[in-house]
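What's in query-v7.tsv: TSV, C-alpha atoms
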chain	number	residue	atom	x	y	z
A	208	MET	CA	0.00	0.00	0.00
A	209	TYR	CA	1.27	3.50	-0.79
A	210	ASP	CA	1.66	5.86	2.16
A	211	LEU	CA	0.23	9.37	2.23
A	212	ARG	CA	3.57	11.00	1.42
A	213	THR	CA	3.99	8.89	-1.74
A	214	ARG	CA	0.45	9.77	-2.84
A	215	GLN	CA	0.98	13.48	-2.26
A	216	ARG	CA	4.27	13.40	-4.19
A	217	ALA	CA	2.55	11.81	-7.20
A	218	LEU	CA	-0.24	14.40	-7.10
A	219	ALA	CA	2.35	17.17	-6.87
A	220	LEU	CA	3.89	15.93	-10.12
A	221	LEU	CA	0.46	16.05	-11.73
A	222	SER	CA	-0.05	19.62	-10.50
A	223	GLN	CA	3.12	20.59	-12.38
A	224	GLY	CA	1.31	19.78	-15.61
A	225	ARG	CA	2.65	16.29	-16.21
A	226	SER	CA	0.39	13.62	-17.67
A	227	LEU	CA	-0.84	10.52	-15.86
A	228	ASN	CA	1.37	8.43	-18.15
A	229	ALA	CA	4.46	10.49	-17.33
A	230	VAL	CA	3.87	10.38	-13.58
A	231	SER	CA	3.13	6.65	-13.70
A	232	LYS	CA	6.38	5.92	-15.56
A	233	GLN	CA	8.43	8.12	-13.22
A	234	THR	CA	7.01	6.71	-9.99
A	235	GLY	CA	6.17	3.13	-10.99
A	236	ILE	CA	2.61	3.63	-9.73
A	237	SER	CA	-0.32	2.58	-11.93
A	238	ARG	CA	-2.39	5.29	-13.57
A	239	SER	CA	-5.59	3.94	-12.01
A	240	ALA	CA	-4.14	4.32	-8.50
A	241	ILE	CA	-2.99	7.89	-9.16
A	242	ARG	CA	-6.37	8.73	-10.71
A	243	SER	CA	-8.17	7.44	-7.60
A	244	TRP	CA	-6.03	9.72	-5.41
A	245	LEU	CA	-7.45	12.73	-7.25
A	246	ILE	CA	-10.75	11.84	-5.58
A	247	ARG	CA	-9.36	10.77	-2.20
A	248	VAL	CA	-5.70	11.05	-1.29
A	249	GLU	CA	-5.96	9.53	2.20
A	250	PRO	CA	-5.88	5.72	2.41
A	251	LEU	CA	-9.25	4.19	3.25
A	252	PRO	CA	-9.47	2.97	6.85
A	253	HIS	CA	-9.72	-0.72	5.87
A	254	MET	CA	-6.57	-0.36	3.74
A	255	LEU	CA	-4.41	0.87	6.62
A	256	GLU	CA	-3.86	-2.79	7.55
A	257	SER	CA	-1.41	-3.27	4.68
A	258	GLY	CA	-3.56	-4.80	1.95
A	259	VAL	CA	-6.63	-6.25	3.61
A	260	CYS	CA	-8.16	-8.92	1.38
A	261	PRO	CA	-11.95	-8.67	0.92
A	262	ARG	CA	-12.13	-12.48	0.89
A	263	CYS	CA	-10.36	-12.74	4.25
A	264	LEU	CA	-12.68	-10.44	6.20
A	265	PRO	CA	-15.02	-11.95	8.84
A	266	ALA	CA	-17.80	-11.44	6.27
A	267	PRO	CA	-16.03	-12.15	2.93
A	268	GLY	CA	-17.02	-9.82	0.12
A	269	PRO	CA	-16.23	-9.22	-3.55
A	270	PRO	CA	-13.32	-7.10	-4.80
A	271	ALA	CA	-13.82	-3.34	-4.62
A	272	ALA	CA	-13.85	-3.03	-8.43
A	273	PRO	CA	-16.09	-5.89	-9.67
A	274	LYS	CA	-16.25	-4.68	-13.28
A	275	ALA	CA	-12.45	-4.59	-13.52
A	276	TYR	CA	-12.31	-7.94	-11.74
A	277	ALA	CA	-14.62	-9.59	-14.32
A	278	TYR	CA	-12.23	-8.53	-17.10
A	279	LEU	CA	-9.15	-9.58	-15.12
A	280	LEU	CA	-10.74	-12.94	-14.37
A	281	GLY	CA	-11.08	-13.57	-18.11
A	282	LEU	CA	-7.45	-12.58	-18.67
A	283	TYR	CA	-6.30	-14.83	-15.83
A	284	LEU	CA	-8.23	-17.87	-17.05
A	285	GLY	CA	-6.79	-17.38	-20.53
A	286	ASP	CA	-3.17	-16.29	-20.13
A	287	GLY	CA	-2.59	-15.86	-16.41
A	288	CYS	CA	-0.87	-17.74	-13.65
A	289	ILE	CA	-0.14	-17.37	-9.95
A	290	SER	CA	3.18	-18.51	-8.55
A	291	PRO	CA	4.50	-18.47	-4.99
A	292	HIS	CA	7.34	-16.21	-3.87
A	293	PRO	CA	10.13	-18.11	-2.07
A	294	HIS	CA	9.77	-15.89	1.00
A	295	GLY	CA	5.97	-15.75	1.11
A	296	GLY	CA	3.24	-14.17	-0.98
A	297	TYR	CA	2.42	-14.71	-4.63
A	298	TYR	CA	3.00	-13.26	-8.07
A	299	LEU	CA	0.07	-12.76	-10.43
A	300	ARG	CA	1.34	-12.81	-14.02
A	301	ILE	CA	-0.67	-12.12	-17.18
A	302	ALA	CA	1.08	-12.82	-20.50
A	303	CYS	CA	0.41	-10.20	-23.20
A	304	ALA	CA	1.88	-10.16	-26.71
A	305	ASP	CA	3.94	-7.12	-27.71
A	306	ALA	CA	1.58	-6.69	-30.68
A	307	TRP	CA	-1.17	-5.40	-28.37
A	308	PRO	CA	0.13	-2.36	-26.40
A	309	GLY	CA	-3.41	-1.26	-25.59
A	310	LEU	CA	-4.12	-4.62	-23.99
A	311	ILE	CA	-0.95	-4.34	-21.91
A	312	ARG	CA	-1.97	-0.91	-20.60
A	313	GLU	CA	-5.50	-2.07	-19.82
A	314	CYS	CA	-4.19	-5.13	-18.02
A	315	GLU	CA	-1.98	-2.92	-15.84
A	316	GLU	CA	-4.92	-0.67	-15.02
A	317	VAL	CA	-7.39	-3.36	-14.04
A	318	ILE	CA	-4.86	-5.05	-11.76
A	319	GLY	CA	-4.38	-1.67	-10.10
A	320	ASP	CA	-8.14	-1.26	-9.82
A	321	VAL	CA	-8.62	-4.67	-8.20
A	322	ARG	CA	-5.66	-4.35	-5.80
A	323	PRO	CA	-4.63	-0.66	-5.71
A	324	GLU	CA	-2.18	-1.29	-2.87
A	325	SER	CA	-0.12	-3.70	-5.03
A	326	ARG	CA	2.50	-2.42	-7.42
A	327	VAL	CA	2.12	-3.47	-11.07
A	328	TYR	CA	5.17	-3.80	-13.29
A	329	ILE	CA	6.24	-5.23	-16.63
A	330	LEU	CA	8.66	-8.12	-17.20
A	331	ARG	CA	9.76	-8.25	-20.82
A	332	LYS	CA	10.15	-11.58	-22.59
A	333	ASP	CA	10.85	-12.53	-26.20
A	334	GLY	CA	7.81	-11.27	-28.12
A	335	CYS	CA	5.65	-10.70	-25.06
A	336	VAL	CA	5.51	-9.13	-21.62
A	337	MET	CA	4.39	-10.46	-18.26
A	338	VAL	CA	2.19	-7.91	-16.50
A	339	THR	CA	3.10	-8.77	-12.90
A	340	SER	CA	1.92	-7.90	-9.42
A	341	TYR	CA	3.03	-9.24	-6.04
A	342	GLY	CA	0.59	-9.81	-3.19
A	343	ARG	CA	-0.27	-12.25	-0.43
A	344	HIS	CA	-3.89	-12.68	-1.42
A	345	TRP	CA	-3.98	-13.39	-5.15
A	346	PRO	CA	-5.07	-17.03	-4.54
A	347	CYS	CA	-7.97	-15.69	-2.45
A	348	LEU	CA	-9.14	-13.60	-5.39
A	349	PHE	CA	-8.47	-16.35	-7.95
A	350	PRO	CA	-9.32	-19.64	-6.21
A	351	GLN	CA	-8.89	-21.43	-9.56
A	352	HIS	CA	-5.15	-21.32	-8.77
A	353	GLY	CA	-3.63	-24.73	-8.20
A	354	PRO	CA	-0.68	-26.96	-9.10
A	355	GLY	CA	-0.15	-27.86	-12.73
A	356	LYS	CA	-1.81	-26.59	-15.88
A	357	LYS	CA	-5.39	-25.31	-15.87
A	358	HIS	CA	-6.57	-27.89	-18.42
A	359	ASP	CA	-5.31	-30.69	-16.16
A	360	ARG	CA	-7.58	-29.71	-13.25
A	361	ARG	CA	-11.20	-28.72	-12.75
A	362	ILE	CA	-11.92	-25.03	-13.29
A	363	ALA	CA	-15.18	-23.75	-11.79
A	364	LEU	CA	-16.23	-20.33	-10.55
A	365	GLU	CA	-17.19	-19.86	-6.94
A	366	ALA	CA	-20.63	-18.40	-6.22
A	367	TRP	CA	-19.28	-14.90	-5.57
A	368	GLN	CA	-17.32	-14.96	-8.82
A	369	GLN	CA	-20.37	-16.13	-10.78
A	370	ARG	CA	-22.38	-13.23	-9.38
A	371	ILE	CA	-19.75	-10.82	-10.71
A	372	VAL	CA	-19.72	-12.51	-14.12
A	373	ASP	CA	-23.54	-12.39	-14.21
A	374	ALA	CA	-23.40	-8.65	-13.44
A	375	TYR	CA	-20.61	-7.91	-15.96
A	376	PRO	CA	-20.77	-10.69	-18.60
A	377	TRP	CA	-19.28	-8.62	-21.39
A	378	GLU	CA	-16.23	-7.70	-19.33
A	379	PHE	CA	-15.64	-11.39	-18.64
A	380	ILE	CA	-16.02	-12.23	-22.34
A	381	ARG	CA	-13.66	-9.37	-23.26
A	382	GLY	CA	-11.02	-10.75	-20.91
A	383	LEU	CA	-11.28	-14.22	-22.43
A	384	ILE	CA	-11.16	-12.90	-26.01
A	385	HIS	CA	-8.26	-10.56	-25.22
A	386	SER	CA	-6.28	-13.48	-23.79
A	387	ASP	CA	-7.16	-16.54	-25.87
A	388	GLY	CA	-9.28	-15.12	-28.68
A	389	CYS	CA	-9.28	-12.77	-31.62
A	390	ARG	CA	-11.45	-11.12	-34.25
A	391	ASN	CA	-10.35	-12.16	-37.73
A	392	MET	CA	-11.57	-12.52	-41.30
A	393	ASN	CA	-12.60	-15.99	-42.44
A	394	TRP	CA	-13.39	-17.00	-46.00
A	395	THR	CA	-15.33	-19.61	-47.91
A	396	THR	CA	-16.22	-20.36	-51.52
A	397	ARG	CA	-19.63	-20.76	-53.09
A	398	VAL	CA	-20.69	-21.72	-56.61
A	399	VAL	CA	-22.97	-19.07	-58.10
A	400	ARG	CA	-24.35	-19.71	-61.60
A	401	GLY	CA	-21.57	-22.18	-62.26
A	402	GLU	CA	-18.84	-19.80	-61.08
A	403	THR	CA	-16.88	-20.33	-57.86
A	404	LYS	CA	-16.78	-17.14	-55.82
A	405	ARG	CA	-14.84	-16.36	-52.67
A	406	TYR	CA	-16.61	-14.72	-49.73
A	407	GLU	CA	-14.98	-13.19	-46.67
A	408	TYR	CA	-16.69	-12.53	-43.36
A	409	PRO	CA	-15.59	-11.49	-39.85
A	410	ARG	CA	-15.74	-13.85	-36.93
A	411	TYR	CA	-14.61	-14.13	-33.32
A	412	TRP	CA	-12.37	-17.07	-32.54
A	413	PHE	CA	-11.61	-18.48	-29.09
A	414	THR	CA	-9.15	-21.30	-28.40
A	415	ASN	CA	-8.52	-22.93	-25.04
A	416	VAL	CA	-7.50	-26.48	-24.20
A	417	SER	CA	-9.54	-26.55	-20.98
A	418	ASP	CA	-13.04	-27.96	-21.45
A	419	ASP	CA	-14.14	-26.09	-18.32
A	420	ILE	CA	-12.88	-22.69	-19.48
A	421	ARG	CA	-14.51	-23.13	-22.90
A	422	GLN	CA	-17.74	-24.02	-21.07
A	423	LEU	CA	-17.53	-20.85	-18.97
A	424	TYR	CA	-17.07	-18.87	-22.19
A	425	THR	CA	-19.96	-20.46	-24.07
A	426	ASP	CA	-22.30	-20.33	-21.05
A	427	THR	CA	-21.68	-16.59	-20.83
A	428	LEU	CA	-22.19	-16.17	-24.59
A	429	ASP	CA	-25.56	-17.89	-24.19
A	430	LYS	CA	-26.57	-15.43	-21.47
A	431	VAL	CA	-25.90	-12.39	-23.66
A	432	GLY	CA	-27.58	-13.88	-26.74
A	433	VAL	CA	-24.53	-14.69	-28.88
A	434	GLU	CA	-24.74	-17.71	-31.18
A	435	TRP	CA	-21.61	-19.87	-31.35
A	436	ARG	CA	-20.41	-23.26	-32.54
A	437	HIS	CA	-17.58	-25.69	-31.88
A	438	CYS	CA	-14.91	-25.99	-34.57
A	439	THR	CA	-12.86	-29.16	-34.39
A	440	ARG	CA	-9.35	-28.89	-35.85
A	441	ALA	CA	-7.17	-31.98	-36.23
A	442	GLY	CA	-9.72	-33.89	-34.16
A	443	LYS	CA	-9.39	-31.49	-31.21
A	444	PRO	CA	-12.45	-29.45	-30.07
A	445	TYR	CA	-10.44	-26.54	-28.73
A	446	ASN	CA	-12.03	-23.78	-30.81
A	447	ILE	CA	-15.24	-21.77	-30.47
A	448	SER	CA	-16.40	-19.69	-33.44
A	449	VAL	CA	-18.87	-16.79	-33.48
A	450	ALA	CA	-19.65	-16.07	-37.13
A	451	LYS	CA	-23.38	-15.31	-37.46
A	452	ARG	CA	-23.77	-11.72	-38.64
A	453	ALA	CA	-26.00	-10.57	-35.78
A	454	SER	CA	-23.79	-12.20	-33.16
A	455	VAL	CA	-20.61	-10.69	-34.64
A	456	ALA	CA	-22.30	-7.28	-34.60
A	457	LEU	CA	-23.18	-7.81	-30.93
A	458	MET	CA	-19.62	-8.79	-30.12
A	459	ASP	CA	-18.30	-5.77	-32.05
A	460	ALA	CA	-20.51	-3.47	-29.99
A	461	HIS	CA	-19.06	-4.75	-26.72
A	462	ILE	CA	-15.60	-6.12	-27.51
A	463	GLY	CA	-14.04	-5.28	-30.85
A	464	PRO	CA	-10.54	-6.28	-31.96
A	465	LYS	CA	-7.46	-6.25	-29.76
A	466	TYR	CA	-5.41	-3.10	-29.93
What do you get writing this file as structure tokens?
Amino acid sequence: MYDLRTRQRALALLSQGRSLNAVSKQTGISRSAIRSWLIRVEPLPHMLESGVCPRCLPAPGPPAAPKAYAYLLGLYLGDGCISPHPHGGYYLRIACADAWPGLIRECEEVIGDVRPESRVYILRKDGCVMVTSYGRHWPCLFPQHGPGKKHDRRIALEAWQQRIVDAYPWEFIRGLIHSDGCRNMNWTTRVVRGETKRYEYPRYWFTNVSDDIRQLYTDTLDKVGVEWRHCTRAGKPYNISVAKRASVALMDAHIGPKY
């Protein structure tokens, strides 16, 4: 958690006319955290205990930013992992390709929204980055964490997570698409009056090896009225396609391509 002096120093830099981006890069503090200090600079009383976890309270509750959490949950299920620190605590890591700088920035922001007391930083790899945050309570917020790969164990949402997904289904779908999906152009051929013609059409494509994660995706698509179908490639049913015109239009209105 950032102390009052650190918060005031960041706001002082803003008052000098610097942008949120510039102050964030200079201080290593996420833009979302700095933006929240414009509304309230003093730490909230429940945060004075050095990162109180909402799931560890006597009456467990949801994260303070449920909309951001729904998106981050989708990212985590697709391209995220939680690993223990040798001296205690955990790292949350979300893999993001270098080709999508907007996705990287948004991932940083939503982690800061969900756990504003935890620093978010970038670890650069070959062709991608790991958006990373250390904390002691990441497994509390993502109880799907466990040993081994996600597709080798059961993945199911807890009741409190399902309530968040039900309240913000499009954010959850966005997170899944932005991690393990894409919007692309598909094509097919059709014979018209004896002539073979090529037709192109947009579609949303989602690929995940876990049967459970694909089920979470398609169940949520059903709830928002999106038509989908399985596409088996090389005998493996890892792909979900959304190609009907009305459903693509609905997805475009709420998701759109990566950026």
ask   = Rounded to one decimal in Å, what is the spacing between CA of Asp418 (chain A) and CA of Cys303 (chain A)?
value =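 So the answer is 22.3 Å.
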ask   = Which one of A:Ala277, A:Ala441, A:Ile462, A:Ile420 sits closest to Arg390 (chain A) if you count all atoms listed in the file?
value =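 The answer is A:Ile462, which sits nearest to Arg390 (chain A).
With all atoms listed in the file as the basis for measurement, A:Met392 is the residue among A:Cys288, A:Ala219, A:Val431, A:Met392 that approaches Ala450 (chain A) most closely.
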ask   = Out of A:Leu428, A:Leu280, A:Val336, A:Ala304, which residue has the shortest atom-to-atom distance to Leu364 (chain A) when counting all atoms listed in the file?
value = A:Leu280
ask   = Do you know which residues are at most 10 Å from Arg312 (chain A) counting only C-alpha atoms, after dropping those on the same chain fewer than 4 positions away, and could you put them as a ChimeraX atom specification?
value = /A:237-238,303,307-308,316-317,338
request  = Show me as a PyMOL selection string the residues that reach within 9 Å of (-21.0, -16.0, -20.4), counting all atoms listed in the file and using the file's own coordinates.
outcome  = chain A and resi 372-373+376-377+379-380+422-431
Kindly extract all protein, DNA and RNA residues lying within 12 Å of the coordinates (-13.9, -13.1, -6.0) given in the file, considering only C-alpha atoms, and supply them as an mmCIF file with C-alpha atoms, keeping the file's coordinate frame.
data_model
loop_
_atom_site.group_PDB
_atom_site.id
_atom_site.type_symbol
_atom_site.label_atom_id
_atom_site.label_comp_id
_atom_site.auth_asym_id
_atom_site.auth_seq_id
_atom_site.Cartn_x
_atom_site.Cartn_y
_atom_site.Cartn_z
ATOM 1 C CA CYS A 260 -8.160 -8.920 1.380
ATOM 2 C CA PRO A 261 -11.950 -8.670 0.920
ATOM 3 C CA ARG A 262 -12.130 -12.480 0.890
ATOM 4 C CA CYS A 263 -10.360 -12.740 4.250
ATOM 5 C CA PRO A 267 -16.030 -12.150 2.930
ATOM 6 C CA GLY A 268 -17.020 -9.820 0.120
ATOM 7 C CA PRO A 269 -16.230 -9.220 -3.550
ATOM 8 C CA PRO A 270 -13.320 -7.100 -4.800
ATOM 9 C CA ALA A 271 -13.820 -3.340 -4.620
ATOM 10 C CA ALA A 272 -13.850 -3.030 -8.430
ATOM 11 C CA PRO A 273 -16.090 -5.890 -9.670
ATOM 12 C CA LYS A 274 -16.250 -4.680 -13.280
ATOM 13 C CA ALA A 275 -12.450 -4.590 -13.520
ATOM 14 C CA TYR A 276 -12.310 -7.940 -11.740
ATOM 15 C CA ALA A 277 -14.620 -9.590 -14.320
ATOM 16 C CA LEU A 279 -9.150 -9.580 -15.120
ATOM 17 C CA LEU A 280 -10.740 -12.940 -14.370
ATOM 18 C CA VAL A 321 -8.620 -4.670 -8.200
ATOM 19 C CA HIS A 344 -3.890 -12.680 -1.420
ATOM 20 C CA TRP A 345 -3.980 -13.390 -5.150
ATOM 21 C CA PRO A 346 -5.070 -17.030 -4.540
ATOM 22 C CA CYS A 347 -7.970 -15.690 -2.450
ATOM 23 C CA LEU A 348 -9.140 -13.600 -5.390
ATOM 24 C CA PHE A 349 -8.470 -16.350 -7.950
ATOM 25 C CA PRO A 350 -9.320 -19.640 -6.210
ATOM 26 C CA GLN A 351 -8.890 -21.430 -9.560
ATOM 27 C CA LEU A 364 -16.230 -20.330 -10.550
ATOM 28 C CA GLU A 365 -17.190 -19.860 -6.940
ATOM 29 C CA ALA A 366 -20.630 -18.400 -6.220
ATOM 30 C CA TRP A 367 -19.280 -14.900 -5.570
ATOM 31 C CA GLN A 368 -17.320 -14.960 -8.820
ATOM 32 C CA GLN A 369 -20.370 -16.130 -10.780
ATOM 33 C CA ARG A 370 -22.380 -13.230 -9.380
ATOM 34 C CA ILE A 371 -19.750 -10.820 -10.710
ATOM 35 C CA VAL A 372 -19.720 -12.510 -14.120
#
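Note that the spacing between CA of Arg212 (chain A) and CA of Ile318 (chain A) amounts to 22.4 Å.
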Output region 440-456 of chain A as a PDB file, in the frame of the given file, making sure N, CA, C and O atoms are there.
ATOM      1  N   ARG A 440     -10.522 -28.934 -34.959  1.00  0.00           N
ATOM      2  CA  ARG A 440      -9.350 -28.890 -35.850  1.00  0.00           C
ATOM      3  C   ARG A 440      -8.419 -30.043 -35.475  1.00  0.00           C
ATOM      4  O   ARG A 440      -8.051 -30.186 -34.312  1.00  0.00           O
ATOM      5  N   ALA A 441      -8.051 -30.823 -36.449  1.00  0.00           N
ATOM      6  CA  ALA A 441      -7.170 -31.980 -36.230  1.00  0.00           C
ATOM      7  C   ALA A 441      -7.734 -32.893 -35.147  1.00  0.00           C
ATOM      8  O   ALA A 441      -7.000 -33.476 -34.349  1.00  0.00           O
ATOM      9  N   GLY A 442      -9.068 -33.010 -35.119  1.00  0.00           N
ATOM     10  CA  GLY A 442      -9.720 -33.890 -34.160  1.00  0.00           C
ATOM     11  C   GLY A 442      -9.810 -33.340 -32.751  1.00  0.00           C
ATOM     12  O   GLY A 442     -10.236 -34.043 -31.835  1.00  0.00           O
ATOM     13  N   LYS A 443      -9.422 -32.075 -32.540  1.00  0.00           N
ATOM     14  CA  LYS A 443      -9.390 -31.490 -31.210  1.00  0.00           C
ATOM     15  C   LYS A 443     -10.423 -30.356 -31.110  1.00  0.00           C
ATOM     16  O   LYS A 443     -10.357 -29.407 -31.886  1.00  0.00           O
ATOM     17  N   PRO A 444     -11.372 -30.444 -30.170  1.00  0.00           N
ATOM     18  CA  PRO A 444     -12.450 -29.450 -30.070  1.00  0.00           C
ATOM     19  C   PRO A 444     -12.052 -28.262 -29.210  1.00  0.00           C
ATOM     20  O   PRO A 444     -12.719 -27.921 -28.238  1.00  0.00           O
ATOM     21  N   TYR A 445     -10.948 -27.615 -29.578  1.00  0.00           N
ATOM     22  CA  TYR A 445     -10.440 -26.540 -28.730  1.00  0.00           C
ATOM     23  C   TYR A 445     -10.961 -25.163 -29.140  1.00  0.00           C
ATOM     24  O   TYR A 445     -10.674 -24.176 -28.465  1.00  0.00           O
ATOM     25  N   ASN A 446     -11.695 -25.083 -30.225  1.00  0.00           N
ATOM     26  CA  ASN A 446     -12.030 -23.780 -30.810  1.00  0.00           C
ATOM     27  C   ASN A 446     -13.527 -23.498 -30.767  1.00  0.00           C
ATOM     28  O   ASN A 446     -14.345 -24.375 -31.029  1.00  0.00           O
ATOM     29  N   ILE A 447     -13.859 -22.249 -30.457  1.00  0.00           N
ATOM     30  CA  ILE A 447     -15.240 -21.770 -30.470  1.00  0.00           C
ATOM     31  C   ILE A 447     -15.318 -20.616 -31.463  1.00  0.00           C
ATOM     32  O   ILE A 447     -14.546 -19.646 -31.382  1.00  0.00           O
ATOM     33  N   SER A 448     -16.241 -20.710 -32.405  1.00  0.00           N
ATOM     34  CA  SER A 448     -16.400 -19.690 -33.440  1.00  0.00           C
ATOM     35  C   SER A 448     -17.725 -18.945 -33.261  1.00  0.00           C
ATOM     36  O   SER A 448     -18.757 -19.559 -32.986  1.00  0.00           O
ATOM     37  N   VAL A 449     -17.670 -17.627 -33.409  1.00  0.00           N
ATOM     38  CA  VAL A 449     -18.870 -16.790 -33.480  1.00  0.00           C
ATOM     39  C   VAL A 449     -18.830 -16.129 -34.853  1.00  0.00           C
ATOM     40  O   VAL A 449     -17.973 -15.279 -35.113  1.00  0.00           O
ATOM     41  N   ALA A 450     -19.712 -16.547 -35.748  1.00  0.00           N
ATOM     42  CA  ALA A 450     -19.650 -16.070 -37.130  1.00  0.00           C
ATOM     43  C   ALA A 450     -20.979 -15.566 -37.665  1.00  0.00           C
ATOM     44  O   ALA A 450     -21.016 -14.937 -38.726  1.00  0.00           O
ATOM     45  N   LYS A 451     -22.094 -15.827 -36.983  1.00  0.00           N
ATOM     46  CA  LYS A 451     -23.380 -15.310 -37.460  1.00  0.00           C
ATOM     47  C   LYS A 451     -23.357 -13.783 -37.432  1.00  0.00           C
ATOM     48  O   LYS A 451     -22.851 -13.168 -36.475  1.00  0.00           O
ATOM     49  N   ARG A 452     -23.900 -13.162 -38.475  1.00  0.00           N
ATOM     50  CA  ARG A 452     -23.770 -11.720 -38.640  1.00  0.00           C
ATOM     51  C   ARG A 452     -24.277 -10.942 -37.427  1.00  0.00           C
ATOM     52  O   ARG A 452     -23.609 -10.024 -36.933  1.00  0.00           O
ATOM     53  N   ALA A 453     -25.437 -11.308 -36.917  1.00  0.00           N
ATOM     54  CA  ALA A 453     -26.000 -10.570 -35.780  1.00  0.00           C
ATOM     55  C   ALA A 453     -25.153 -10.749 -34.528  1.00  0.00           C
ATOM     56  O   ALA A 453     -24.977  -9.803 -33.747  1.00  0.00           O
ATOM     57  N   SER A 454     -24.615 -11.943 -34.339  1.00  0.00           N
ATOM     58  CA  SER A 454     -23.790 -12.200 -33.160  1.00  0.00           C
ATOM     59  C   SER A 454     -22.446 -11.475 -33.257  1.00  0.00           C
ATOM     60  O   SER A 454     -21.932 -10.959 -32.260  1.00  0.00           O
ATOM     61  N   VAL A 455     -21.851 -11.439 -34.451  1.00  0.00           N
ATOM     62  CA  VAL A 455     -20.610 -10.690 -34.640  1.00  0.00           C
ATOM     63  C   VAL A 455     -20.843  -9.208 -34.365  1.00  0.00           C
ATOM     64  O   VAL A 455     -20.024  -8.540 -33.720  1.00  0.00           O
ATOM     65  N   ALA A 456     -21.974  -8.695 -34.839  1.00  0.00           N
ATOM     66  CA  ALA A 456     -22.300  -7.280 -34.600  1.00  0.00           C
ATOM     67  C   ALA A 456     -22.439  -7.021 -33.102  1.00  0.00           C
ATOM     68  O   ALA A 456     -22.005  -5.981 -32.595  1.00  0.00           O
TER      69      ALA A 456
END
